[in-house]
file input.pdb (PDB, C-alpha atoms and all ligand atoms)
MODEL        1
ATOM      1  CA  VAL A  18      85.336 -74.229  54.079
ATOM      2  CA  LEU A  19      84.720 -77.724  52.881
ATOM      3  CA  ILE A  20      83.460 -80.158  55.498
ATOM      4  CA  ILE A  21      84.231 -83.853  55.399
ATOM      5  CA  HIS A  22      81.961 -85.842  57.661
ATOM      6  CA  GLN A  23      83.374 -89.127  58.878
ATOM      7  CA  VAL A  24      80.592 -91.633  59.527
ATOM      8  CA  THR A  25      80.760 -94.893  61.471
ATOM      9  CA  LEU A  26      78.381 -97.294  59.737
ATOM     10  CA  ASP A  27      76.683 -98.607  62.863
ATOM     11  CA  ALA A  28      73.352-100.335  62.204
ATOM     12  CA  ALA A  29      72.032 -98.924  65.491
ATOM     13  CA  VAL A  30      71.631 -95.614  63.631
ATOM     14  CA  LEU A  31      68.879 -97.196  61.544
ATOM     15  CA  THR A  32      65.824 -96.412  63.616
ATOM     16  CA  ALA A  33      62.545 -96.882  61.743
ATOM     17  CA  ALA A  34      62.160 -93.105  61.517
ATOM     18  CA  ARG A  35      65.550 -92.605  59.877
ATOM     19  CA  ARG A  36      65.217 -95.583  57.586
ATOM     20  CA  ALA A  37      61.957 -94.068  56.295
ATOM     21  CA  TRP A  38      64.038 -91.202  54.825
ATOM     22  CA  LEU A  39      65.375 -93.530  52.142
ATOM     23  CA  SER A  40      63.687 -93.427  48.749
ATOM     24  CA  PRO A  41      62.161 -96.518  47.110
ATOM     25  CA  ASP A  42      65.181 -96.537  44.754
ATOM     26  CA  GLU A  43      67.603 -96.512  47.660
ATOM     27  CA  GLU A  44      65.707 -99.300  49.419
ATOM     28  CA  ALA A  45      65.692-101.298  46.194
ATOM     29  CA  ARG A  46      69.461-100.927  45.838
ATOM     30  CA  ALA A  47      70.014-102.066  49.419
ATOM     31  CA  ALA A  48      67.644-105.001  48.902
ATOM     32  CA  ARG A  49      69.756-106.254  45.990
ATOM     33  CA  MET A  50      72.857-106.571  48.178
ATOM     34  CA  HIS A  51      73.861-110.112  48.963
ATOM     35  CA  ARG A  52      74.626-109.673  52.634
ATOM     36  CA  GLU A  53      72.324-108.022  55.119
ATOM     37  CA  SER A  54      75.297-106.558  57.006
ATOM     38  CA  VAL A  55      76.483-104.855  53.796
ATOM     39  CA  ALA A  56      72.977-103.572  53.057
ATOM     40  CA  ALA A  57      72.649-102.211  56.610
ATOM     41  CA  ARG A  58      75.921-100.286  56.314
ATOM     42  CA  TRP A  59      74.894 -98.926  52.934
ATOM     43  CA  ARG A  60      71.564 -97.742  54.386
ATOM     44  CA  VAL A  61      73.389 -96.007  57.251
ATOM     45  CA  ALA A  62      75.693 -94.237  54.774
ATOM     46  CA  HIS A  63      72.684 -92.954  52.834
ATOM     47  CA  VAL A  64      70.796 -91.970  55.997
ATOM     48  CA  ALA A  65      73.886 -89.979  57.027
ATOM     49  CA  LEU A  66      74.144 -88.473  53.538
ATOM     50  CA  ARG A  67      70.528 -87.262  53.749
ATOM     51  CA  ALA A  68      71.055 -85.964  57.308
ATOM     52  CA  VAL A  69      74.152 -84.006  56.236
ATOM     53  CA  LEU A  70      72.664 -82.577  53.034
ATOM     54  CA  ALA A  71      69.147 -81.733  54.317
ATOM     55  CA  PRO A  72      70.080 -78.545  56.219
ATOM     56  CA  VAL A  73      72.343 -77.467  53.365
ATOM     57  CA  VAL A  74      69.441 -77.414  50.898
ATOM     58  CA  SER A  75      66.854 -76.468  53.572
ATOM     59  CA  VAL A  76      64.564 -79.464  53.298
ATOM     60  CA  ALA A  77      63.804 -82.463  55.503
ATOM     61  CA  PRO A  78      66.121 -85.497  55.058
ATOM     62  CA  SER A  79      63.390 -87.454  53.248
ATOM     63  CA  GLU A  80      62.936 -84.544  50.811
ATOM     64  CA  VAL A  81      66.538 -84.430  49.576
ATOM     65  CA  ARG A  82      66.451 -85.153  45.846
ATOM     66  CA  PHE A  83      69.340 -86.683  43.911
ATOM     67  CA  ALA A  84      69.945 -86.789  40.184
ATOM     68  CA  ALA A  85      72.833 -87.996  38.046
ATOM     69  CA  ASP A  86      74.892 -85.639  35.924
ATOM     70  CA  ALA A  87      75.944 -86.487  32.357
ATOM     71  CA  THR A  88      78.743 -88.753  33.610
ATOM     72  CA  GLY A  89      76.532 -90.619  36.077
ATOM     73  CA  ARG A  90      77.883 -88.821  39.117
ATOM     74  CA  PRO A  91      75.226 -88.258  41.795
ATOM     75  CA  VAL A  92      74.356 -84.579  42.272
ATOM     76  CA  LEU A  93      71.782 -82.700  44.315
ATOM     77  CA  ASP A  94      68.627 -81.789  42.418
ATOM     78  CA  HIS A  95      68.018 -78.517  44.295
ATOM     79  CA  PRO A  96      68.634 -74.893  43.279
ATOM     80  CA  ALA A  97      72.099 -73.541  44.179
ATOM     81  CA  ALA A  98      73.026 -76.872  45.750
ATOM     82  CA  PRO A  99      76.650 -77.476  46.775
ATOM     83  CA  GLN A 100      78.918 -80.201  45.468
ATOM     84  CA  PHE A 101      79.173 -83.379  47.499
ATOM     85  CA  SER A 102      80.923 -86.721  47.354
ATOM     86  CA  LEU A 103      80.406 -89.983  49.224
ATOM     87  CA  SER A 104      82.756 -92.900  49.739
ATOM     88  CA  HIS A 105      82.416 -95.969  51.900
ATOM     89  CA  ALA A 106      84.743 -98.774  52.945
ATOM     90  CA  GLY A 107      84.583-101.238  55.816
ATOM     91  CA  ASP A 108      82.488 -99.722  58.578
ATOM     92  CA  GLN A 109      83.312 -96.117  57.670
ATOM     93  CA  ALA A 110      82.062 -93.561  55.181
ATOM     94  CA  LEU A 111      83.154 -90.081  54.204
ATOM     95  CA  ILE A 112      80.758 -87.400  53.023
ATOM     96  CA  ALA A 113      82.360 -84.232  51.663
ATOM     97  CA  VAL A 114      80.222 -81.138  51.186
ATOM     98  CA  GLY A 115      81.693 -78.073  49.559
ATOM     99  CA  GLY A 116      80.647 -75.106  47.497
ATOM    100  CA  THR A 117      80.598 -74.859  43.727
ATOM    101  CA  ALA A 118      84.028 -76.362  42.962
ATOM    102  CA  PRO A 119      83.856 -80.009  41.851
ATOM    103  CA  LEU A 120      85.165 -82.375  44.510
ATOM    104  CA  GLY A 121      85.608 -86.051  45.205
ATOM    105  CA  VAL A 122      86.529 -88.174  48.205
ATOM    106  CA  ASP A 123      87.751 -91.731  48.306
ATOM    107  CA  LEU A 124      88.109 -94.008  51.300
ATOM    108  CA  GLU A 125      89.863 -97.370  51.355
ATOM    109  CA  LEU A 126      90.720 -99.993  53.911
ATOM    110  CA  VAL A 127      94.435-100.757  53.645
ATOM    111  CA  ARG A 128      94.716-104.524  53.230
ATOM    112  CA  PRO A 129      97.020-107.003  51.514
ATOM    113  CA  VAL A 130      96.400-107.042  47.743
ATOM    114  CA  ALA A 131      97.575-110.274  46.111
ATOM    115  CA  GLU A 132      97.506-108.847  42.569
ATOM    116  CA  LEU A 133      99.016-105.497  43.550
ATOM    117  CA  ASP A 134     101.675-105.443  40.864
ATOM    118  CA  ASP A 135      99.270-106.555  38.103
ATOM    119  CA  ILE A 136      96.670-103.979  39.100
ATOM    120  CA  ALA A 137      99.254-101.209  39.235
ATOM    121  CA  ARG A 138     100.774-102.229  35.899
ATOM    122  CA  THR A 139      97.375-102.346  34.195
ATOM    123  CA  HIS A 140      95.473 -99.495  35.835
ATOM    124  CA  PHE A 141      98.074 -97.072  37.172
ATOM    125  CA  ALA A 142     100.083 -94.558  35.171
ATOM    126  CA  SER A 143     103.601 -95.791  34.358
ATOM    127  CA  GLU A 144     105.270 -93.385  36.827
ATOM    128  CA  GLU A 145     102.902 -94.532  39.587
ATOM    129  CA  HIS A 146     103.670 -98.169  38.882
ATOM    130  CA  ALA A 147     107.399 -97.353  38.903
ATOM    131  CA  THR A 148     107.201 -96.014  42.483
ATOM    132  CA  LEU A 149     105.900 -99.403  43.634
ATOM    133  CA  VAL A 150     108.406-101.668  41.929
ATOM    134  CA  ASP A 151     111.272-101.075  44.355
ATOM    135  CA  ALA A 152     109.212-100.378  47.469
ATOM    136  CA  ARG A 153     109.260-102.870  50.335
ATOM    137  CA  GLU A 154     106.365-103.912  52.513
ATOM    138  CA  PRO A 155     104.597-102.408  54.374
ATOM    139  CA  GLU A 156     105.377 -99.174  52.499
ATOM    140  CA  ARG A 157     104.497-100.776  49.177
ATOM    141  CA  THR A 158     100.897-101.536  50.146
ATOM    142  CA  GLN A 159     100.562 -98.156  51.877
ATOM    143  CA  ARG A 160     101.812 -96.445  48.758
ATOM    144  CA  PHE A 161      99.462 -98.436  46.534
ATOM    145  CA  PHE A 162      96.443 -97.231  48.529
ATOM    146  CA  ARG A 163      97.813 -93.687  48.783
ATOM    147  CA  ILE A 164      98.007 -93.545  44.993
ATOM    148  CA  TRP A 165      94.666 -95.300  44.611
ATOM    149  CA  THR A 166      92.734 -92.932  46.901
ATOM    150  CA  ARG A 167      94.336 -89.757  45.469
ATOM    151  CA  LYS A 168      93.602 -90.913  41.942
ATOM    152  CA  GLU A 169      90.106 -92.138  42.670
ATOM    153  CA  ALA A 170      89.183 -88.925  44.540
ATOM    154  CA  TYR A 171      90.097 -86.970  41.411
ATOM    155  CA  LEU A 172      88.347 -89.392  39.044
ATOM    156  CA  LYS A 173      85.199 -89.285  41.181
ATOM    157  CA  ALA A 174      85.316 -85.481  41.243
ATOM    158  CA  ILE A 175      85.291 -85.383  37.440
ATOM    159  CA  GLY A 176      82.532 -88.012  37.388
ATOM    160  CA  VAL A 177      84.558 -90.719  35.718
ATOM    161  CA  GLY A 178      85.311 -93.141  38.528
ATOM    162  CA  VAL A 179      87.006 -96.459  37.915
ATOM    163  CA  GLY A 180      87.523 -97.195  34.250
ATOM    164  CA  PRO A 181      89.702 -96.581  31.194
ATOM    165  CA  ARG A 182      90.853 -93.140  32.382
ATOM    166  CA  LEU A 183      92.788 -94.688  35.321
ATOM    167  CA  PRO A 184      96.188 -94.940  33.574
ATOM    168  CA  ARG A 185      95.719 -91.534  31.896
ATOM    169  CA  VAL A 186      95.822 -89.744  35.260
ATOM    170  CA  ALA A 187      98.922 -89.656  37.466
ATOM    171  CA  VAL A 188      99.151 -88.584  41.101
ATOM    172  CA  SER A 189     102.160 -88.330  43.388
ATOM    173  CA  ALA A 190     103.135 -91.261  45.601
ATOM    174  CA  ASP A 191     105.065 -89.281  48.226
ATOM    175  CA  ALA A 192     103.427 -89.258  51.678
ATOM    176  CA  ARG A 193     104.435 -85.620  52.252
ATOM    177  CA  ASP A 194     103.420 -84.269  48.881
ATOM    178  CA  ALA A 195      99.916 -85.027  47.617
ATOM    179  CA  ARG A 196      99.248 -83.686  44.143
ATOM    180  CA  LEU A 197      97.831 -84.340  40.728
ATOM    181  CA  LEU A 198     100.764 -84.755  38.325
ATOM    182  CA  ARG A 199      98.943 -85.094  35.022
ATOM    183  CA  ASP A 200      95.677 -85.818  33.293
ATOM    184  CA  ASP A 201      96.200 -86.657  29.626
ATOM    185  CA  ASP A 202      92.645 -85.544  28.849
ATOM    186  CA  ALA A 203      92.891 -82.232  30.752
ATOM    187  CA  PRO A 204      96.422 -80.801  30.510
ATOM    188  CA  ASP A 205      95.620 -77.783  32.729
ATOM    189  CA  ALA A 206      94.206 -79.888  35.564
ATOM    190  CA  PRO A 207      97.407 -80.042  37.702
ATOM    191  CA  ARG A 208      97.395 -76.241  37.836
ATOM    192  CA  GLN A 209      93.745 -76.152  38.919
ATOM    193  CA  TRP A 210      93.263 -79.033  41.333
ATOM    194  CA  SER A 211      94.314 -79.789  44.896
ATOM    195  CA  VAL A 212      94.662 -83.335  46.141
ATOM    196  CA  CYS A 213      94.922 -83.861  49.914
ATOM    197  CA  ASP A 214      95.346 -86.897  52.133
ATOM    198  CA  LEU A 215      92.949 -87.134  55.058
ATOM    199  CA  ALA A 216      94.338 -88.041  58.463
ATOM    200  CA  LEU A 217      92.314 -91.146  59.281
ATOM    201  CA  ALA A 218      92.901 -93.851  61.861
ATOM    202  CA  THR A 219      94.727 -96.981  60.646
ATOM    203  CA  PRO A 220      93.824 -99.045  58.600
ATOM    204  CA  TYR A 221      91.820 -96.448  56.666
ATOM    205  CA  VAL A 222      93.262 -94.076  54.100
ATOM    206  CA  GLY A 223      91.362 -91.344  52.375
ATOM    207  CA  ALA A 224      91.898 -88.501  49.970
ATOM    208  CA  LEU A 225      90.080 -85.435  48.765
ATOM    209  CA  ALA A 226      90.365 -83.813  45.340
ATOM    210  CA  VAL A 227      88.907 -80.362  44.707
ATOM    211  CA  ARG A 228      89.162 -77.986  41.776
ATOM    212  CA  SER A 229      90.623 -75.133  43.770
ATOM    213  CA  LEU A 230      94.154 -74.219  44.722
ATOM    214  CA  GLU A 231      93.130 -72.901  48.132
ATOM    215  CA  ALA A 232      91.401 -76.006  49.376
ATOM    216  CA  ARG A 233      90.495 -75.524  53.042
ATOM    217  CA  TRP A 234      88.763 -78.423  54.631
ATOM    218  CA  GLN A 235      87.849 -79.811  58.002
ATOM    219  CA  LEU A 236      87.253 -83.419  59.018
ATOM    220  CA  VAL A 237      84.411 -83.831  61.535
ATOM    221  CA  GLN A 238      82.856 -86.885  63.141
ATOM    222  CA  TRP A 239      79.205 -87.270  62.123
ATOM    223  CA  ARG A 240      76.812 -87.946  64.994
ATOM    224  CA  PRO A 241      73.218 -88.970  64.345
TER     225      PRO A 241
HETATM  226  C1  LIG B   1      81.225 -95.154  41.581
HETATM  227  C2  LIG B   1      82.595 -95.716  41.750
HETATM  228  C3  LIG B   1      83.565 -94.573  41.589
HETATM  229  C4  LIG B   1      82.661 -96.394  43.100
HETATM  230  O1  LIG B   1      83.939 -96.530  43.607
HETATM  231  P1  LIG B   1      84.191 -97.343  44.963
HETATM  232  O2  LIG B   1      85.573 -97.059  45.404
HETATM  233  O3  LIG B   1      83.770 -98.752  44.761
HETATM  234  O4  LIG B   1      83.129 -96.780  45.971
HETATM  235  P2  LIG B   1      83.066 -95.457  46.829
HETATM  236  O5  LIG B   1      82.414 -95.848  48.078
HETATM  237  O6  LIG B   1      84.365 -94.745  46.902
HETATM  238  O7  LIG B   1      82.100 -94.502  45.993
HETATM  239  C5  LIG B   1      80.769 -94.823  45.803
HETATM  240  C6  LIG B   1      79.995 -93.544  45.609
HETATM  241  O8  LIG B   1      80.488 -92.787  44.514
HETATM  242  C7  LIG B   1      79.402 -92.033  43.960
HETATM  243  N1  LIG B   1      79.398 -92.248  42.513
HETATM  244  C8  LIG B   1      78.687 -93.124  41.759
HETATM  245  N2  LIG B   1      78.967 -92.958  40.460
HETATM  246  C9  LIG B   1      79.871 -91.973  40.379
HETATM  247  C10 LIG B   1      80.549 -91.327  39.298
HETATM  248  N3  LIG B   1      80.345 -91.665  38.013
HETATM  249  N4  LIG B   1      81.419 -90.335  39.592
HETATM  250  C11 LIG B   1      81.619 -89.951  40.849
HETATM  251  N5  LIG B   1      81.025 -90.507  41.918
HETATM  252  C12 LIG B   1      80.156 -91.516  41.671
HETATM  253  C13 LIG B   1      78.132 -92.502  44.650
HETATM  254  O9  LIG B   1      77.806 -91.567  45.656
HETATM  255  C14 LIG B   1      78.561 -93.813  45.246
HETATM  256  O10 LIG B   1      77.870 -94.131  46.410
HETATM  257  P3  LIG B   1      76.727 -95.266  46.398
HETATM  258  O11 LIG B   1      77.243 -96.400  45.621
HETATM  259  O12 LIG B   1      76.496 -95.570  47.834
HETATM  260  O13 LIG B   1      75.547 -94.597  45.769
HETATM  261  C15 LIG B   1      82.865 -96.793  40.688
HETATM  262  O14 LIG B   1      81.961 -97.838  40.828
HETATM  263  C16 LIG B   1      82.741 -96.227  39.298
HETATM  264  O15 LIG B   1      83.727 -95.748  38.801
HETATM  265  N6  LIG B   1      81.573 -96.219  38.669
HETATM  266  C17 LIG B   1      81.332 -95.457  37.441
HETATM  267  C18 LIG B   1      81.981 -96.025  36.217
HETATM  268  C19 LIG B   1      81.760 -97.469  36.123
HETATM  269  O16 LIG B   1      80.637 -97.932  36.154
HETATM  270  N7  LIG B   1      82.863 -98.196  36.036
HETATM  271  C20 LIG B   1      82.841 -99.611  36.058
HETATM  272  C21 LIG B   1      83.124-100.146  34.688
HETATM  273  S1  LIG B   1      84.815 -99.946  34.224
ENDMDL
END
call {"tool": "encode", "arguments": {"input": "input.pdb", "output": "C-alpha cells"}}
result
Amino acid sequence: VLIIHQVTLDAAVLTAARRAWLSPDEEARAARMHRESVAARWRVAHVALRAVLAPVVSVAPSEVRFAADATGRPVLDHPAAPQFSLSHAGDQALIAVGGTAPLGVDLELVRPVAELDDIARTHFASEEHATLVDAREPERTQRFFRIWTRKEAYLKAIGVGVGPRLPRVAVSADARDARLLRDDDAPDAPRQWSVCDLALATPYVGALAVRSLEARWQLVQWRP
C-alpha cells in the first residue's frame, strides 16, 4: 500500500536538531529563497521528507541520500529504495512513498488564475482546454486545477515535470472519473497508469499518478 503523508509546513517543527538533518545543498537552496517564510516552509518539507524516508531505508534522517535520475527527478540513493514524490503548495506538502512502481504527487492551492484560458490553450491538450471553454465559475477554476494536478502528478512520475510535454498528455476533467487519457510519447500509458484525486480540505487539490492498475493508497497526517 502506498502511503501519502500530508504535512503542515509549520516552522515550529524546525528545532535545531531537526534542521541539522538537512544537507549543505539543502541549506544552500533554502538560503537562496527570497522570503524567509518560504525558506522555512521548504526546510520543514525537507525535514518531513527525511523523517518519512529514514525508516524506509533504515538510516537516520540525516543519513538519507538523494540523487537525481536521468530526467532530473529526485530519487533515493539507497539499495532497494522505494519510489517517492514530494509536492508543496501554501502551507501544505504531500510526500508519497510507494514500492517499485513510478509515482508522482502534485498539490495545488485553488486560487483565481487571471490567465486561465491562455495557460490552458498553450499548455493543456486540446480536449482539456475544450472542457474549460464552456464551464462557469467556480467549476471552471476547480476543473483547471483538477486537470493541472492530475497531469502534473503523471508528468512528475515520469520525471518530466512542467515543460514541452504538457500539451502532449491528456487527463480527464470529470470530478468522478480521474484517468490518463493519452500520452503521445507513450501510447500504452493509459492502460498502465492510475490517476487518483486526493480528498484534501478546501482550498487544496491534489492528485496521485502511479504506474499500476491496482493503486491502493492511504492518506495520513504526518506528525513530527
Ligand atoms: C519540479 C517541478 C515539477 C516542480 O513543480 P511545482 O508544481 O512547482 O512543485 P511541486 O512542489 O509540485 O514539486 C516540487 C518537487 O518535485 C520534485 N522534482 C524536481 N524535479 C523533478 C522532476 N524532473 N520530475 C519529478 N519530480 C521532480 C522535487 O522533489 C521537488 O521538490 P523540491 O523543489 O522541494 O526539491 C517543475 O519545476 C519542473 O517541471 N521541473 C523540471 C523541468 C523544468 O525545469 N522545467 C522548467 C522549464 S520548462
call {"tool": "closest_atom_pairs", "arguments": {"input": "input.pdb", "of": "chain A", "to": "ligand LIG 1 (chain B)", "cutoff": "8 Å", "atoms": "all atoms listed in the file", "output": "CSV"}}
result
residue,atom,partner,partner_atom,distance
A:Trp59,CA,B:LIG1,O12,6.3
A:Ala62,CA,B:LIG1,O12,7.1
A:His63,CA,B:LIG1,O12,6.8
A:Thr88,CA,B:LIG1,N3,5.5
A:Gly89,CA,B:LIG1,N3,4.4
A:Arg90,CA,B:LIG1,C10,3.7
A:Pro91,CA,B:LIG1,O9,5.7
A:Ser102,CA,B:LIG1,O9,6.0
A:Leu103,CA,B:LIG1,O9,4.7
A:Ser104,CA,B:LIG1,O5,3.4
A:His105,CA,B:LIG1,O5,3.8
A:Ala106,CA,B:LIG1,O5,6.1
A:Ala110,CA,B:LIG1,O5,7.5
A:Gly121,CA,B:LIG1,C11,7.1
A:Val122,CA,B:LIG1,O6,7.0
A:Asp123,CA,B:LIG1,O6,4.7
A:Leu124,CA,B:LIG1,O6,5.8
A:Glu125,CA,B:LIG1,O2,7.3
A:Glu169,CA,B:LIG1,C3,7.1
A:Ala170,CA,B:LIG1,O6,7.9
A:Leu172,CA,B:LIG1,C11,7.0
A:Lys173,CA,B:LIG1,C11,3.7
A:Ala174,CA,B:LIG1,C11,5.8
A:Ile175,CA,B:LIG1,N4,6.6
A:Gly176,CA,B:LIG1,N4,3.4
A:Val177,CA,B:LIG1,N3,4.9
A:Gly178,CA,B:LIG1,O15,3.1
A:Val179,CA,B:LIG1,O15,3.5
A:Gly180,CA,B:LIG1,S1,3.9
A:Pro181,CA,B:LIG1,S1,6.7
call {"tool": "write_last_selection", "arguments": {"input": "input.pdb", "atoms": "C-alpha atoms", "output": "PDB file, in the frame of the given file"}}
result
ATOM      1  CA  TRP A  59      74.894 -98.926  52.934  1.00  0.00           C
ATOM      2  CA  ALA A  62      75.693 -94.237  54.774  1.00  0.00           C
ATOM      3  CA  HIS A  63      72.684 -92.954  52.834  1.00  0.00           C
ATOM      4  CA  THR A  88      78.743 -88.753  33.610  1.00  0.00           C
ATOM      5  CA  GLY A  89      76.532 -90.619  36.077  1.00  0.00           C
ATOM      6  CA  ARG A  90      77.883 -88.821  39.117  1.00  0.00           C
ATOM      7  CA  PRO A  91      75.226 -88.258  41.795  1.00  0.00           C
ATOM      8  CA  SER A 102      80.923 -86.721  47.354  1.00  0.00           C
ATOM      9  CA  LEU A 103      80.406 -89.983  49.224  1.00  0.00           C
ATOM     10  CA  SER A 104      82.756 -92.900  49.739  1.00  0.00           C
ATOM     11  CA  HIS A 105      82.416 -95.969  51.900  1.00  0.00           C
ATOM     12  CA  ALA A 106      84.743 -98.774  52.945  1.00  0.00           C
ATOM     13  CA  ALA A 110      82.062 -93.561  55.181  1.00  0.00           C
ATOM     14  CA  GLY A 121      85.608 -86.051  45.205  1.00  0.00           C
ATOM     15  CA  VAL A 122      86.529 -88.174  48.205  1.00  0.00           C
ATOM     16  CA  ASP A 123      87.751 -91.731  48.306  1.00  0.00           C
ATOM     17  CA  LEU A 124      88.109 -94.008  51.300  1.00  0.00           C
ATOM     18  CA  GLU A 125      89.863 -97.370  51.355  1.00  0.00           C
ATOM     19  CA  GLU A 169      90.106 -92.138  42.670  1.00  0.00           C
ATOM     20  CA  ALA A 170      89.183 -88.925  44.540  1.00  0.00           C
ATOM     21  CA  LEU A 172      88.347 -89.392  39.044  1.00  0.00           C
ATOM     22  CA  LYS A 173      85.199 -89.285  41.181  1.00  0.00           C
ATOM     23  CA  ALA A 174      85.316 -85.481  41.243  1.00  0.00           C
ATOM     24  CA  ILE A 175      85.291 -85.383  37.440  1.00  0.00           C
ATOM     25  CA  GLY A 176      82.532 -88.012  37.388  1.00  0.00           C
ATOM     26  CA  VAL A 177      84.558 -90.719  35.718  1.00  0.00           C
ATOM     27  CA  GLY A 178      85.311 -93.141  38.528  1.00  0.00           C
ATOM     28  CA  VAL A 179      87.006 -96.459  37.915  1.00  0.00           C
ATOM     29  CA  GLY A 180      87.523 -97.195  34.250  1.00  0.00           C
ATOM     30  CA  PRO A 181      89.702 -96.581  31.194  1.00  0.00           C
TER      31      PRO A 181
END
call {"tool": "closest_residue", "arguments": {"input": "input.pdb", "among": "A:Arg196, A:His95, A:Arg160, A:His22", "to": "A:Val130", "atoms": "only C-alpha atoms"}}
result
A:Arg160
call {"tool": "residues_around", "arguments": {"input": "input.pdb", "residues": "stretch 135-145 of chain A", "least_positions_apart": "5", "cutoff": "10 Å", "atoms": "only C-alpha atoms", "output": "PyMOL selection string"}}
result
chain A and resi 130+150+160-161+164-165+168+179-190+198-200
call {"tool": "closest_residue", "arguments": {"input": "input.pdb", "among": "A:Val24, A:Ala71, A:Val127, A:Ala192", "to": "A:Gln109", "atoms": "all atoms listed in the file"}}
result
A:Val24
call {"tool": "residues_around", "arguments": {"input": "input.pdb", "residues": "A:Asp94", "least_positions_apart": "3", "cutoff": "6 Å", "atoms": "all atoms listed in the file", "output": "ChimeraX atom specification"}}
result
/A:82-84
call {"tool": "write_last_selection", "arguments": {"input": "input.pdb", "atoms": "C-alpha atoms", "output": "tab-separated table (two decimals), keeping the file's coordinate frame"}}
result
chain	number	residue	atom	x	y	z
A	82	ARG	CA	66.45	-85.15	45.85
A	83	PHE	CA	69.34	-86.68	43.91
A	84	ALA	CA	69.94	-86.79	40.18
call {"tool": "atom_distance", "arguments": {"input": "input.pdb", "atom1": "atom CA of A:Ala77", "atom2": "atom CA of A:Leu215"}}
result
29.5 Å
call {"tool": "closest_residue", "arguments": {"input": "input.pdb", "among": "A:Gln100, A:Thr158, A:Thr166, A:Gln209", "to": "A:Val73", "atoms": "all atoms listed in the file"}}
result
A:Gln100
call {"tool": "decode", "arguments": {"input": "input.pdb", "residues": "stretch 27-76 of chain A", "atoms": "C-alpha atoms", "output": "short mmCIF file (atom, residue, chain, number, x, y, z; two decimals), in the first residue's frame"}}
result
data_model
loop_
_atom_site.label_atom_id
_atom_site.label_comp_id
_atom_site.auth_asym_id
_atom_site.auth_seq_id
_atom_site.Cartn_x
_atom_site.Cartn_y
_atom_site.Cartn_z
CA ASP A 27 4.70 24.80 10.46
CA ALA A 28 8.04 26.45 11.26
CA ALA A 29 7.71 25.23 14.86
CA VAL A 30 8.78 21.81 13.54
CA LEU A 31 12.23 23.24 12.82
CA THR A 32 14.02 22.56 16.07
CA ALA A 33 17.80 22.89 15.83
CA ALA A 34 18.12 19.10 15.99
CA ARG A 35 15.79 18.53 13.04
CA ARG A 36 17.21 21.36 10.99
CA ALA A 37 20.65 19.74 11.36
CA TRP A 38 19.34 16.81 9.27
CA LEU A 39 19.41 18.98 6.16
CA SER A 40 22.42 18.65 3.88
CA PRO A 41 24.62 21.63 2.93
CA ASP A 42 22.96 21.53 -0.52
CA GLU A 43 19.50 21.70 1.00
CA GLU A 44 20.52 24.57 3.28
CA ALA A 45 22.03 26.37 0.30
CA ARG A 46 18.80 26.01 -1.68
CA ALA A 47 16.75 27.37 1.22
CA ALA A 48 19.21 30.25 1.66
CA ARG A 49 18.65 31.34 -1.94
CA MET A 50 14.91 31.81 -1.38
CA HIS A 51 13.79 35.41 -1.31
CA ARG A 52 11.46 35.20 1.66
CA GLU A 53 12.37 33.68 4.99
CA SER A 54 8.81 32.36 5.43
CA VAL A 55 9.12 30.48 2.12
CA ALA A 56 12.54 29.12 3.08
CA ALA A 57 11.21 27.98 6.48
CA ARG A 58 8.35 26.06 4.85
CA TRP A 59 10.72 24.49 2.36
CA ARG A 60 13.01 23.37 5.20
CA VAL A 61 10.05 21.83 7.04
CA ALA A 62 9.02 19.93 3.89
CA HIS A 63 12.53 18.51 3.56
CA VAL A 64 12.79 17.70 7.27
CA ALA A 65 9.50 15.80 6.92
CA LEU A 66 10.76 14.09 3.76
CA ARG A 67 13.86 12.86 5.62
CA ALA A 68 11.77 11.79 8.64
CA VAL A 69 9.40 9.80 6.40
CA LEU A 70 12.10 8.16 4.27
CA ALA A 71 14.66 7.37 7.03
CA PRO A 72 12.87 4.31 8.47
CA VAL A 73 12.07 3.08 4.97
CA VAL A 74 15.76 2.85 4.06
CA SER A 75 16.86 2.05 7.65
CA VAL A 76 19.13 5.00 8.27
#
